[in-house]
>>> print(open('data.csv').read())   # CSV, C-alpha atoms
chain,number,residue,atom,x,y,z
A,747,MET,CA,-37.4,-155.0,-63.1
A,748,LYS,CA,-35.0,-152.1,-62.9
A,749,ILE,CA,-36.7,-150.4,-65.9
A,750,ILE,CA,-40.1,-150.7,-64.3
A,751,LYS,CA,-38.7,-149.2,-61.1
A,752,SER,CA,-37.2,-146.3,-62.9
A,753,ILE,CA,-40.5,-145.7,-64.8
A,754,VAL,CA,-42.4,-145.7,-61.5
A,755,VAL,CA,-39.9,-143.3,-60.0
A,756,LEU,CA,-40.2,-141.0,-63.1
A,757,ILE,CA,-44.0,-141.1,-62.9
A,758,VAL,CA,-43.9,-140.2,-59.2
A,759,ALA,CA,-41.4,-137.5,-59.8
A,760,GLY,CA,-43.6,-136.1,-62.6
A,761,PHE,CA,-46.6,-136.0,-60.3
A,762,LEU,CA,-44.7,-134.3,-57.6
A,763,THR,CA,-43.4,-131.7,-60.0
A,764,ALA,CA,-46.9,-131.1,-61.4
A,765,PHE,CA,-48.2,-130.7,-57.8
A,766,THR,CA,-45.5,-128.2,-56.8
A,767,LEU,CA,-46.0,-126.2,-60.0
A,768,LYS,CA,-49.8,-126.2,-59.3
A,769,ILE,CA,-49.2,-124.6,-55.9
A,770,VAL,CA,-47.1,-121.9,-57.3
A,771,ASP,CA,-49.5,-121.1,-60.1
A,772,THR,CA,-52.7,-120.8,-58.1
A,773,GLY,CA,-53.9,-117.5,-56.8
A,774,TYR,CA,-53.4,-113.9,-57.8
A,775,LYS,CA,-50.1,-112.6,-59.1
A,776,ILE,CA,-48.8,-109.1,-59.2
A,777,GLY,CA,-50.9,-107.1,-61.7
A,778,ASP,CA,-53.9,-109.4,-61.5
A,779,THR,CA,-57.4,-107.9,-60.8
A,780,ILE,CA,-59.0,-109.3,-57.7
A,781,GLU,CA,-62.6,-110.3,-57.2
A,782,ASP,CA,-64.3,-108.2,-54.5
A,783,PHE,CA,-65.6,-110.2,-51.5
A,784,SER,CA,-68.3,-109.7,-48.8
A,785,LEU,CA,-67.2,-111.1,-45.5
A,786,MET,CA,-68.5,-110.8,-41.9
A,787,ASN,CA,-66.6,-108.4,-39.6
A,788,THR,CA,-66.2,-108.9,-35.9
A,789,ASP,CA,-68.8,-106.1,-35.4
A,790,ASN,CA,-71.3,-108.3,-37.3
A,791,SER,CA,-71.3,-106.0,-40.3
A,792,MET,CA,-70.6,-107.3,-43.8
A,793,VAL,CA,-67.5,-105.7,-45.4
A,794,SER,CA,-66.6,-105.4,-49.1
A,795,LEU,CA,-63.9,-103.4,-50.8
A,796,ARG,CA,-66.5,-101.5,-52.8
A,797,ASP,CA,-67.7,-99.9,-49.5
A,798,TYR,CA,-64.5,-97.9,-49.4
A,799,LYS,CA,-65.2,-95.3,-52.1
A,800,ASP,CA,-62.6,-92.9,-50.9
A,801,ALA,CA,-59.7,-95.3,-50.4
A,802,LYS,CA,-56.7,-95.4,-52.7
A,803,GLY,CA,-56.2,-99.0,-51.9
A,804,PHE,CA,-56.1,-101.7,-49.3
A,805,ILE,CA,-53.6,-103.5,-47.2
A,806,ILE,CA,-55.3,-106.9,-47.1
A,807,ILE,CA,-53.7,-109.2,-44.5
A,808,PHE,CA,-54.5,-112.8,-44.0
A,809,THR,CA,-53.9,-113.3,-40.3
A,810,CYS,CA,-55.4,-115.2,-37.3
A,811,ASN,CA,-55.9,-115.5,-33.6
A,812,THR,CA,-53.4,-118.3,-32.7
A,813,CYS,CA,-50.4,-118.3,-35.1
A,814,PRO,CA,-47.4,-117.0,-33.1
A,815,TYR,CA,-46.1,-115.3,-36.2
A,816,SER,CA,-49.4,-113.5,-36.6
A,817,VAL,CA,-49.5,-112.5,-33.0
A,818,ALA,CA,-45.8,-111.3,-33.2
A,819,ASN,CA,-47.0,-109.1,-36.1
A,820,GLU,CA,-50.2,-107.7,-34.6
A,821,ASP,CA,-48.6,-104.5,-33.3
A,822,ARG,CA,-47.0,-104.0,-36.7
A,823,ILE,CA,-50.4,-104.5,-38.4
A,824,LEU,CA,-51.9,-101.9,-36.1
A,825,GLY,CA,-49.0,-99.6,-36.9
A,826,LEU,CA,-49.6,-100.0,-40.6
A,827,ASP,CA,-53.3,-99.1,-40.2
A,828,ARG,CA,-52.5,-96.1,-38.0
A,829,LYS,CA,-50.0,-94.8,-40.5
A,830,TYR,CA,-51.6,-95.5,-43.8
A,831,LYS,CA,-55.4,-95.4,-43.3
A,832,LYS,CA,-55.3,-91.6,-43.2
A,833,ARG,CA,-53.3,-91.7,-46.4
A,834,GLY,CA,-55.9,-93.9,-48.2
A,835,PHE,CA,-54.7,-97.4,-47.5
A,836,PRO,CA,-56.6,-99.0,-44.7
A,837,VAL,CA,-55.8,-102.5,-43.4
A,838,ILE,CA,-58.4,-105.2,-44.0
A,839,ALA,CA,-57.6,-108.3,-42.0
A,840,ILE,CA,-59.0,-111.7,-43.0
A,841,ASN,CA,-58.8,-114.9,-40.9
A,842,PRO,CA,-58.6,-117.7,-43.5
A,843,ASN,CA,-58.6,-120.6,-41.0
A,844,ASP,CA,-61.3,-123.1,-40.6
A,845,PRO,CA,-62.9,-122.6,-37.1
A,846,ILE,CA,-64.0,-126.3,-36.9
A,847,ALA,CA,-60.4,-127.5,-37.6
A,848,VAL,CA,-59.1,-125.0,-35.0
A,849,PRO,CA,-61.7,-124.0,-32.4
A,850,ASN,CA,-59.6,-121.1,-31.2
A,851,GLU,CA,-60.1,-119.5,-34.6
A,852,SER,CA,-63.8,-119.3,-34.2
A,853,PHE,CA,-65.7,-116.0,-35.0
A,854,GLU,CA,-66.4,-115.5,-31.2
A,855,LYS,CA,-62.7,-115.9,-30.5
A,856,MET,CA,-61.9,-113.4,-33.3
A,857,LYS,CA,-64.2,-110.9,-31.6
A,858,VAL,CA,-62.3,-111.4,-28.3
A,859,ARG,CA,-58.9,-111.0,-30.0
A,860,ALA,CA,-60.1,-107.8,-31.9
A,861,GLN,CA,-61.4,-106.4,-28.6
A,862,GLU,CA,-58.3,-107.3,-26.6
A,863,LYS,CA,-55.8,-105.9,-29.0
A,864,GLY,CA,-58.0,-102.9,-30.0
A,865,PHE,CA,-58.0,-103.6,-33.7
A,866,THR,CA,-58.7,-100.4,-35.6
A,867,PHE,CA,-59.4,-102.3,-38.8
A,868,PRO,CA,-62.0,-104.8,-39.9
A,869,TYR,CA,-61.2,-108.4,-38.9
A,870,LEU,CA,-63.2,-110.7,-41.3
A,871,LEU,CA,-63.9,-114.4,-41.2
A,872,ASP,CA,-63.4,-116.2,-44.5
A,873,THR,CA,-66.6,-118.1,-44.0
A,874,GLY,CA,-66.5,-121.3,-46.1
A,875,GLN,CA,-62.9,-120.6,-47.0
A,876,ASN,CA,-63.8,-119.3,-50.4
A,877,VAL,CA,-61.7,-116.1,-50.5
A,878,TYR,CA,-58.2,-117.1,-49.5
A,879,PRO,CA,-57.8,-119.7,-52.2
A,880,LYS,CA,-58.5,-117.0,-54.8
A,881,PHE,CA,-55.7,-115.0,-53.4
A,882,GLY,CA,-53.5,-118.1,-53.3
A,883,ALA,CA,-52.6,-117.3,-49.7
A,884,THR,CA,-50.9,-120.3,-48.0
A,885,LYS,CA,-50.1,-119.0,-44.6
A,886,THR,CA,-50.6,-116.4,-41.9
A,887,PRO,CA,-49.6,-113.6,-41.9
A,888,GLU,CA,-49.5,-112.8,-45.6
A,889,VAL,CA,-50.1,-109.3,-47.1
A,890,TYR,CA,-51.6,-108.3,-50.4
A,891,ILE,CA,-51.6,-104.6,-51.3
A,892,VAL,CA,-54.4,-103.8,-53.8
A,893,THR,CA,-55.2,-100.5,-55.5
A,894,GLN,CA,-58.8,-99.4,-55.2
A,895,ASN,CA,-59.6,-98.0,-58.7
A,896,ASP,CA,-58.6,-101.1,-60.6
A,897,LEU,CA,-58.4,-103.7,-57.8
A,898,LYS,CA,-55.0,-104.7,-59.0
A,899,VAL,CA,-52.5,-106.6,-56.9
A,900,GLN,CA,-49.4,-104.4,-56.3
A,901,TYR,CA,-47.6,-106.4,-53.7
A,902,ILE,CA,-47.6,-109.9,-52.1
A,903,GLY,CA,-45.7,-111.1,-49.2
A,904,ALA,CA,-44.2,-110.2,-45.8
A,905,ILE,CA,-44.6,-107.1,-43.7
A,906,ASP,CA,-40.9,-106.7,-43.2
A,907,ASN,CA,-37.7,-108.7,-43.2
A,908,SER,CA,-37.8,-109.9,-39.6
A,909,SER,CA,-41.1,-111.5,-38.7
A,910,ARG,CA,-39.8,-113.1,-35.4
A,911,ASP,CA,-38.2,-110.0,-34.0
A,912,ALA,CA,-39.6,-106.5,-34.6
A,913,SER,CA,-36.6,-104.9,-33.1
A,914,ALA,CA,-34.3,-106.5,-35.7
A,915,VAL,CA,-36.2,-105.1,-38.8
A,916,THR,CA,-34.0,-103.4,-41.3
A,917,GLU,CA,-36.3,-103.4,-44.3
A,918,LYS,CA,-40.1,-102.6,-44.2
A,919,TYR,CA,-41.4,-104.2,-47.4
A,920,VAL,CA,-45.0,-103.2,-47.0
A,921,GLU,CA,-44.3,-99.6,-46.0
A,922,ASN,CA,-41.8,-99.2,-48.9
A,923,ALA,CA,-44.4,-100.5,-51.3
A,924,LEU,CA,-47.1,-98.2,-50.0
A,925,ASP,CA,-44.7,-95.2,-50.0
A,926,ALA,CA,-43.9,-96.0,-53.6
A,927,LEU,CA,-47.6,-96.2,-54.6
A,928,LEU,CA,-48.4,-92.9,-52.8
A,929,THR,CA,-45.6,-91.1,-54.6
A,930,GLY,CA,-46.2,-92.7,-58.0
A,931,GLU,CA,-43.0,-94.6,-58.0
A,932,LYS,CA,-42.2,-98.1,-59.0
A,933,ILE,CA,-42.4,-100.7,-56.1
A,934,GLU,CA,-38.9,-102.1,-55.8
A,935,LYS,CA,-39.9,-105.4,-54.2
A,936,THR,CA,-43.3,-106.6,-55.2
A,937,ARG,CA,-42.9,-110.2,-53.9
A,938,THR,CA,-41.3,-111.2,-50.6
A,939,ARG,CA,-41.7,-114.2,-48.3
A,940,ALA,CA,-41.7,-114.9,-44.6
A,941,ILE,CA,-42.3,-117.9,-42.5
A,942,GLY,CA,-45.9,-118.4,-41.4
A,943,CYS,CA,-48.4,-120.9,-40.2
A,944,ALA,CA,-50.0,-123.0,-42.8
A,945,ILE,CA,-53.7,-122.1,-43.3
A,946,LYS,CA,-55.8,-124.7,-41.4
A,947,VAL,CA,-58.5,-126.7,-43.3
A,948,GLN,CA,-60.6,-129.6,-42.2
B,342,MET,CA,-37.1,-139.7,19.7
B,343,LYS,CA,-35.2,-140.5,16.6
B,344,LEU,CA,-38.3,-142.1,15.1
B,345,LYS,CA,-40.2,-138.9,15.7
B,346,SER,CA,-37.7,-136.8,13.8
B,347,ILE,CA,-37.8,-139.3,10.9
B,348,PHE,CA,-41.6,-139.2,11.0
B,349,LEU,CA,-41.6,-135.4,10.9
B,350,CYS,CA,-39.1,-135.4,8.1
B,351,VAL,CA,-41.2,-137.8,6.1
B,352,ILE,CA,-44.3,-135.6,6.6
B,353,PHE,CA,-42.3,-132.5,5.8
B,354,LEU,CA,-40.9,-134.1,2.6
B,355,GLY,CA,-44.4,-135.2,1.7
B,356,PHE,CA,-45.6,-131.6,1.9
B,357,ILE,CA,-42.7,-130.4,-0.2
B,358,SER,CA,-43.3,-133.0,-2.9
B,359,CYS,CA,-47.0,-132.1,-2.9
B,360,LYS,CA,-46.3,-128.5,-3.4
B,361,LYS,CA,-43.7,-129.3,-6.1
B,362,GLU,CA,-46.3,-131.3,-8.0
B,363,VAL,CA,-47.7,-128.1,-9.5
B,364,ALA,CA,-44.3,-126.9,-10.5
B,365,LYS,CA,-43.4,-130.2,-12.3
B,366,ASN,CA,-42.9,-128.6,-15.6
B,367,GLU,CA,-40.4,-126.1,-14.2
B,368,LYS,CA,-38.6,-128.9,-12.5
B,369,LYS,CA,-38.2,-130.7,-15.9
B,370,GLU,CA,-36.9,-127.5,-17.4
B,371,ILE,CA,-34.1,-127.5,-14.8
B,372,ASN,CA,-33.2,-131.0,-15.8
B,373,THR,CA,-32.8,-130.0,-19.4
B,374,SER,CA,-29.8,-127.8,-18.8
B,375,HIS,CA,-27.5,-130.4,-20.3
B,376,ILE,CA,-29.3,-130.2,-23.7
B,377,THR,CA,-28.2,-127.4,-26.0
B,378,VAL,CA,-29.6,-126.5,-29.4
B,379,LYS,CA,-27.3,-124.8,-31.8
B,380,SER,CA,-28.5,-121.6,-33.5
B,381,TYR,CA,-27.6,-121.1,-37.1
B,382,ALA,CA,-27.7,-118.2,-39.5
B,383,TYR,CA,-28.8,-119.3,-42.9
B,384,GLU,CA,-25.2,-119.2,-44.3
B,385,GLU,CA,-24.2,-121.6,-41.5
B,386,LEU,CA,-27.2,-123.9,-42.1
B,387,LYS,CA,-26.7,-124.0,-45.8
B,388,PRO,CA,-23.8,-126.6,-45.8
B,389,LEU,CA,-26.2,-129.0,-44.0
B,390,LEU,CA,-28.7,-128.7,-46.8
B,391,GLU,CA,-26.3,-129.6,-49.6
B,392,LYS,CA,-23.9,-132.3,-48.4
B,393,LYS,CA,-22.3,-134.4,-51.1
B,394,ASP,CA,-21.6,-137.7,-49.2
B,395,ASP,CA,-23.4,-141.0,-49.5
B,396,LYS,CA,-26.2,-140.4,-47.1
B,397,ILE,CA,-29.8,-139.4,-47.6
B,398,TYR,CA,-30.8,-136.4,-45.6
B,399,VAL,CA,-34.3,-135.6,-44.5
B,400,ILE,CA,-34.6,-132.0,-43.3
B,401,ASN,CA,-37.8,-130.9,-41.6
B,402,PHE,CA,-38.7,-127.3,-41.0
B,403,TRP,CA,-40.9,-127.0,-38.0
B,404,ALA,CA,-41.7,-125.2,-34.7
B,405,THR,CA,-43.1,-126.2,-31.3
B,406,TRP,CA,-46.0,-123.8,-31.8
B,407,CYS,CA,-47.0,-125.2,-35.2
B,408,ALA,CA,-49.7,-127.9,-34.6
B,409,PRO,CA,-49.4,-129.8,-37.9
B,410,CYS,CA,-45.6,-129.8,-37.4
B,411,VAL,CA,-45.8,-131.3,-33.9
B,412,LYS,CA,-48.3,-133.8,-35.2
B,413,GLU,CA,-45.9,-135.1,-37.9
B,414,LEU,CA,-42.8,-135.2,-35.7
B,415,PRO,CA,-43.3,-138.8,-34.7
B,416,ALA,CA,-43.1,-139.8,-38.3
B,417,PHE,CA,-39.7,-138.2,-38.7
B,418,GLU,CA,-38.5,-139.6,-35.4
B,419,LYS,CA,-39.6,-143.1,-36.5
B,420,LEU,CA,-37.9,-142.7,-39.9
B,421,ASN,CA,-34.7,-141.5,-38.1
B,422,LYS,CA,-34.8,-144.6,-36.0
B,423,GLU,CA,-35.8,-147.2,-38.6
B,424,TYR,CA,-33.4,-146.0,-41.3
B,425,ALA,CA,-30.4,-144.9,-39.3
B,426,SER,CA,-28.6,-148.1,-40.4
B,427,LYS,CA,-29.5,-147.4,-44.0
B,428,ASN,CA,-27.5,-144.2,-44.2
B,429,VAL,CA,-30.5,-141.9,-43.6
B,430,GLU,CA,-30.2,-138.9,-41.3
B,431,VAL,CA,-33.0,-136.7,-40.1
B,432,LEU,CA,-32.4,-133.0,-39.2
B,433,LEU,CA,-35.1,-131.0,-37.5
B,434,VAL,CA,-34.7,-127.3,-38.2
B,435,SER,CA,-36.7,-125.3,-35.7
B,436,LEU,CA,-38.2,-121.9,-36.6
B,437,ASP,CA,-39.2,-121.2,-33.0
B,438,PHE,CA,-38.7,-117.7,-31.7
B,439,PRO,CA,-35.0,-117.4,-30.8
B,440,LYS,CA,-36.0,-115.8,-27.5
B,441,GLN,CA,-37.9,-118.9,-26.6
B,442,LYS,CA,-35.2,-121.4,-27.2
B,443,GLU,CA,-34.5,-122.1,-23.5
B,444,LYS,CA,-38.0,-121.7,-22.4
B,445,LYS,CA,-40.0,-123.6,-25.0
B,446,LEU,CA,-37.8,-125.4,-27.5
B,447,ILE,CA,-35.4,-127.3,-25.2
B,448,PRO,CA,-38.1,-128.3,-22.7
B,449,PHE,CA,-40.2,-129.6,-25.7
B,450,ILE,CA,-37.2,-131.7,-27.0
B,451,VAL,CA,-36.8,-133.3,-23.6
B,452,ARG,CA,-40.6,-133.8,-23.0
B,453,LYS,CA,-41.0,-135.5,-26.4
B,454,ASN,CA,-37.6,-137.2,-26.0
B,455,LEU,CA,-36.6,-136.2,-29.6
B,456,GLN,CA,-33.7,-138.3,-30.8
B,457,SER,CA,-33.2,-136.6,-34.2
B,458,LYS,CA,-30.8,-133.7,-34.3
B,459,VAL,CA,-32.4,-130.4,-33.7
B,460,VAL,CA,-31.0,-127.0,-34.7
B,461,LEU,CA,-32.6,-123.5,-34.6
B,462,LEU,CA,-32.6,-121.3,-37.7
B,463,ASP,CA,-32.1,-117.8,-36.3
B,464,ASP,CA,-31.8,-115.3,-39.1
B,465,ILE,CA,-33.7,-112.3,-40.4
B,466,ASN,CA,-34.2,-111.7,-44.1
B,467,GLU,CA,-36.5,-114.7,-44.4
B,468,ASP,CA,-37.3,-113.5,-47.9
B,469,VAL,CA,-33.7,-114.3,-48.9
B,470,TRP,CA,-33.3,-117.7,-47.3
B,471,ILE,CA,-36.8,-119.1,-48.0
B,472,LYS,CA,-36.2,-118.6,-51.7
B,473,ALA,CA,-32.7,-120.0,-51.4
B,474,ILE,CA,-34.0,-123.1,-49.7
B,475,ASP,CA,-36.5,-123.7,-52.4
B,476,SER,CA,-37.9,-121.4,-55.0
B,477,SER,CA,-41.4,-122.9,-54.6
B,478,TRP,CA,-41.6,-122.5,-50.8
B,479,SER,CA,-44.2,-119.9,-49.7
B,480,GLY,CA,-42.8,-119.9,-46.2
B,481,ALA,CA,-45.5,-122.0,-44.7
B,482,ILE,CA,-44.5,-124.8,-42.3
B,483,PRO,CA,-44.3,-127.7,-42.0
B,484,ALA,CA,-41.9,-128.1,-45.0
B,485,THR,CA,-39.5,-130.8,-45.8
B,486,ILE,CA,-36.5,-131.5,-48.0
B,487,ILE,CA,-35.2,-135.0,-48.9
B,488,TYR,CA,-31.9,-135.0,-50.7
B,489,ASN,CA,-28.8,-137.0,-51.5
B,490,LYS,CA,-25.8,-136.0,-53.6
B,491,ASN,CA,-27.8,-136.7,-56.8
B,492,SER,CA,-31.3,-135.4,-56.3
B,493,ARG,CA,-33.4,-133.3,-54.1
B,494,ASN,CA,-37.1,-132.9,-53.4
B,495,PHE,CA,-39.0,-130.2,-51.6
B,496,TYR,CA,-42.4,-130.6,-50.0
B,497,GLU,CA,-44.6,-127.9,-48.6
B,498,LYS,CA,-47.0,-130.3,-46.9
B,499,SER,CA,-47.6,-132.5,-43.9
B,500,PHE,CA,-46.5,-136.1,-43.8
B,501,ASP,CA,-47.7,-139.3,-42.1
B,502,TYR,CA,-45.2,-142.1,-41.7
B,503,GLU,CA,-46.3,-144.1,-44.8
B,504,THR,CA,-46.1,-141.2,-47.2
B,505,LEU,CA,-42.8,-140.0,-45.7
B,506,GLU,CA,-41.4,-143.5,-46.0
B,507,ALA,CA,-42.7,-143.8,-49.6
B,508,GLU,CA,-40.9,-140.6,-50.5
B,509,LEU,CA,-37.7,-141.8,-48.9
B,510,GLN,CA,-38.0,-145.1,-50.8
B,511,THR,CA,-37.7,-143.2,-54.1
B,512,PHE,CA,-34.3,-142.1,-52.9
B,513,LEU,CA,-33.2,-145.5,-51.6
B,514,ASN,CA,-34.2,-147.1,-54.9
B,515,GLN,CA,-32.0,-144.8,-57.0
>>> encode(input="data.csv", output="structure tokens")
Amino acid sequence: MKIIKSIVVLIVAGFLTAFTLKIVDTGYKIGDTIEDFSLMNTDNSMVSLRDYKDAKGFIIIFTCNTCPYSVANEDRILGLDRKYKKRGFPVIAINPNDPIAVPNESFEKMKVRAQEKGFTFPYLLDTGQNVYPKFGATKTPEVYIVTQNDLKVQYIGAIDNSSRDASAVTEKYVENALDALLTGEKIEKTRTRAIGCAIKVQ
Amino acid sequence: MKLKSIFLCVIFLGFISCKKEVAKNEKKEINTSHITVKSYAYEELKPLLEKKDDKIYVINFWATWCAPCVKELPAFEKLNKEYASKNVEVLLVSLDFPKQKEKKLIPFIVRKNLQSKVVLLDDINEDVWIKAIDSSWSGAIPATIIYNKNSRNFYEKSFDYETLEAELQTFLNQ
């Protein structure tokens, strides 16, 4: 009996490990080439990375209307666009949530949010939720910096080291990565983490 | 005469209580002043995540604003109650905004009558402590650790009571 029990425990443990590893392994990693996408912006236009012929790269941010961690970062996202769009790295925001699972994440509500906050960047709906799994995004907000010429992932992670309190930030990961890219230096931290809201699916 | 004043008083009180109806939530908040939630930096929380005694610890990372977290809280509360006598302890680690501890977190604990221990993890440098808590954790919540002195599992997922209990059983059967 005990042996059977241990075997069952081992099998369960094996499954769990496999599951965990699978999560880690899915999605783009640093240096991977991403697939371009075509998603609807809140101004009803379709946006693709290939439209940005003059860009040096992109600050792709998975964010949304309702997650308090996203909301707490909105001003910082606007700040990134303000500072880096003119230097060739515009922000492209993508809402990965399912609007049926969370009605406040609907395309209409996205329009309202973009208007209210005066978004200076495209705010795209991941219709059908086909794009975020390719990136391997698990939460909002989550940033991917991608260079334009090769569509290679250069950075994945948090905006800075204090998502809950902007006034306590002591390390700006995304800005540091962009500054390194713009001066041809090596990015010191290419992968960081922050707390976020799990992406909502049905 | 006396009757009249009593009558007036009753009417007056009636008015006040009617007016107060709207402000019921605020009233509850006042009644919560006896509840305190300790704030921990990661280094202070760490010892609670690696105790070496004979208990099984179920640590849930959550926040009042996280809908899937709030949805699964009753499962953790039930586990805490049903397994308290079997050496199991549940700890709810809130990732609410530190500034909203008094305004949101504590009133929530009172409103939901949470019995499990709640602490607030208040620390910047999430990148450091998320990796330290588990190398596979992306930072999305809800997330849960079940551990005892011999083994430890980490779950970046939501639980219902049955699956949570099944996970706990693998520890109880060890």
>>> residues_near_point(input="data.csv", point="(-36.5, -118.2, -30.9)", cutoff="12 Å", atoms="all atoms listed in the file", output="number ranges by chain")
A: 814-815, 818, 909-911; B: 378-381, 404-406, 434-447, 460-465
>>> residues_near_point(input="data.csv", point="(-42.3, -127.4, -39.8)", cutoff="10 Å", atoms="only C-alpha atoms", output="mmCIF file with C-alpha atoms, in the frame of the given file")
data_model
loop_
_atom_site.group_PDB
_atom_site.id
_atom_site.type_symbol
_atom_site.label_atom_id
_atom_site.label_comp_id
_atom_site.auth_asym_id
_atom_site.auth_seq_id
_atom_site.Cartn_x
_atom_site.Cartn_y
_atom_site.Cartn_z
ATOM 1 C CA ILE A 941 -42.300 -117.900 -42.500
ATOM 2 C CA GLY A 942 -45.900 -118.400 -41.400
ATOM 3 C CA CYS A 943 -48.400 -120.900 -40.200
ATOM 4 C CA ALA A 944 -50.000 -123.000 -42.800
ATOM 5 C CA ILE B 400 -34.600 -132.000 -43.300
ATOM 6 C CA ASN B 401 -37.800 -130.900 -41.600
ATOM 7 C CA PHE B 402 -38.700 -127.300 -41.000
ATOM 8 C CA TRP B 403 -40.900 -127.000 -38.000
ATOM 9 C CA ALA B 404 -41.700 -125.200 -34.700
ATOM 10 C CA THR B 405 -43.100 -126.200 -31.300
ATOM 11 C CA TRP B 406 -46.000 -123.800 -31.800
ATOM 12 C CA CYS B 407 -47.000 -125.200 -35.200
ATOM 13 C CA ALA B 408 -49.700 -127.900 -34.600
ATOM 14 C CA PRO B 409 -49.400 -129.800 -37.900
ATOM 15 C CA CYS B 410 -45.600 -129.800 -37.400
ATOM 16 C CA VAL B 411 -45.800 -131.300 -33.900
ATOM 17 C CA LYS B 412 -48.300 -133.800 -35.200
ATOM 18 C CA GLU B 413 -45.900 -135.100 -37.900
ATOM 19 C CA LEU B 414 -42.800 -135.200 -35.700
ATOM 20 C CA LEU B 433 -35.100 -131.000 -37.500
ATOM 21 C CA VAL B 434 -34.700 -127.300 -38.200
ATOM 22 C CA SER B 435 -36.700 -125.300 -35.700
ATOM 23 C CA LEU B 436 -38.200 -121.900 -36.600
ATOM 24 C CA ASP B 437 -39.200 -121.200 -33.000
ATOM 25 C CA GLY B 480 -42.800 -119.900 -46.200
ATOM 26 C CA ALA B 481 -45.500 -122.000 -44.700
ATOM 27 C CA ILE B 482 -44.500 -124.800 -42.300
ATOM 28 C CA PRO B 483 -44.300 -127.700 -42.000
ATOM 29 C CA ALA B 484 -41.900 -128.100 -45.000
ATOM 30 C CA THR B 485 -39.500 -130.800 -45.800
ATOM 31 C CA GLU B 497 -44.600 -127.900 -48.600
ATOM 32 C CA LYS B 498 -47.000 -130.300 -46.900
ATOM 33 C CA SER B 499 -47.600 -132.500 -43.900
#
>>> closest_residue(input="data.csv", among="B:Ile397, B:Leu420, B:Ile471, B:Leu509", to="chain A", atoms="all atoms listed in the file")
B:Ile471
>>> atom_distance(input="data.csv", atom1="atom CA of Lys458 of chain B", atom2="atom CA of Val431 of chain B")
6.9 Å
>>> atom_distance(input="data.csv", atom1="atom CA of Cys813 of chain A", atom2="atom CA of Pro887 of chain A")
8.3 Å
>>> atom_distance(input="data.csv", atom1="atom CA of Ala425 of chain B", atom2="atom CA of Gln456 of chain B")
11.3 Å
>>> residues_around(input="data.csv", residues="Leu505 of chain B", least_positions_apart="4", cutoff="9 Å", atoms="all atoms listed in the file", output="list in words")
Ala416, Phe417, Leu420, Phe500, Asp501, Leu509 and Gln510 of chain B
>>> write_last_selection(input="data.csv", atoms="C-alpha atoms", output="PDB file, keeping the file's coordinate frame")
ATOM      1  CA  ALA B 416     -43.100-139.800 -38.300  1.00  0.00           C
ATOM      2  CA  PHE B 417     -39.700-138.200 -38.700  1.00  0.00           C
ATOM      3  CA  LEU B 420     -37.900-142.700 -39.900  1.00  0.00           C
ATOM      4  CA  PHE B 500     -46.500-136.100 -43.800  1.00  0.00           C
ATOM      5  CA  ASP B 501     -47.700-139.300 -42.100  1.00  0.00           C
ATOM      6  CA  LEU B 509     -37.700-141.800 -48.900  1.00  0.00           C
ATOM      7  CA  GLN B 510     -38.000-145.100 -50.800  1.00  0.00           C
TER       8      GLN B 510
END
>>> residues_around(input="data.csv", residues="Lys490 of chain B", least_positions_apart="3", cutoff="9 Å", atoms="only C-alpha atoms", output="list of chain:residue names")
B:Glu391, B:Lys392, B:Lys393, B:Asp394, B:Asp395, B:Lys396, B:Ile397, B:Arg493
>>> closest_residue(input="data.csv", among="A:Thr929, A:Ser908, A:Asn922, A:Thr866", to="chain B", atoms="only C-alpha atoms")
A:Ser908
>>> closest_residue(input="data.csv", among="A:Gln894, A:Asn787, A:Thr772, A:Ser794", to="chain B", atoms="all atoms listed in the file")
A:Thr772
>>> closest_residue(input="data.csv", among="B:Ala473, B:Leu513, B:Asn494, B:Asn466", to="chain A", atoms="all atoms listed in the file")
B:Asn466
>>> closest_residue(input="data.csv", among="A:Asp896, A:Glu851, A:Asp821, A:Ala883", to="chain B", atoms="only C-alpha atoms")
A:Ala883
>>> closest_residue(input="data.csv", among="B:Ile376, B:Ser457, B:Glu503, B:Ala382", to="Asn421 of chain B", atoms="all atoms listed in the file")
B:Ser457
>>> decode(input="data.csv", residues="segment 894-906 of chain A", atoms="C-alpha atoms", output="PDB file, in the first residue's frame")
ATOM      1  CA  GLN A 894      13.093  46.854 -35.279  1.00  0.00           C
ATOM      2  CA  ASN A 895      15.583  45.610 -37.866  1.00  0.00           C
ATOM      3  CA  ASP A 896      15.714  42.002 -36.636  1.00  0.00           C
ATOM      4  CA  LEU A 897      12.580  41.892 -34.435  1.00  0.00           C
ATOM      5  CA  LYS A 898      14.731  40.406 -31.681  1.00  0.00           C
ATOM      6  CA  VAL A 899      13.697  40.436 -28.028  1.00  0.00           C
ATOM      7  CA  GLN A 900      16.216  42.482 -26.040  1.00  0.00           C
ATOM      8  CA  TYR A 901      14.499  42.782 -22.670  1.00  0.00           C
ATOM      9  CA  ILE A 902      11.606  41.126 -20.827  1.00  0.00           C
ATOM     10  CA  GLY A 903      10.119  42.204 -17.544  1.00  0.00           C
ATOM     11  CA  ALA A 904       9.254  45.041 -15.223  1.00  0.00           C
ATOM     12  CA  ILE A 905       9.324  48.794 -15.863  1.00  0.00           C
ATOM     13  CA  ASP A 906      11.337  49.457 -12.721  1.00  0.00           C
TER      14      ASP A 906
END
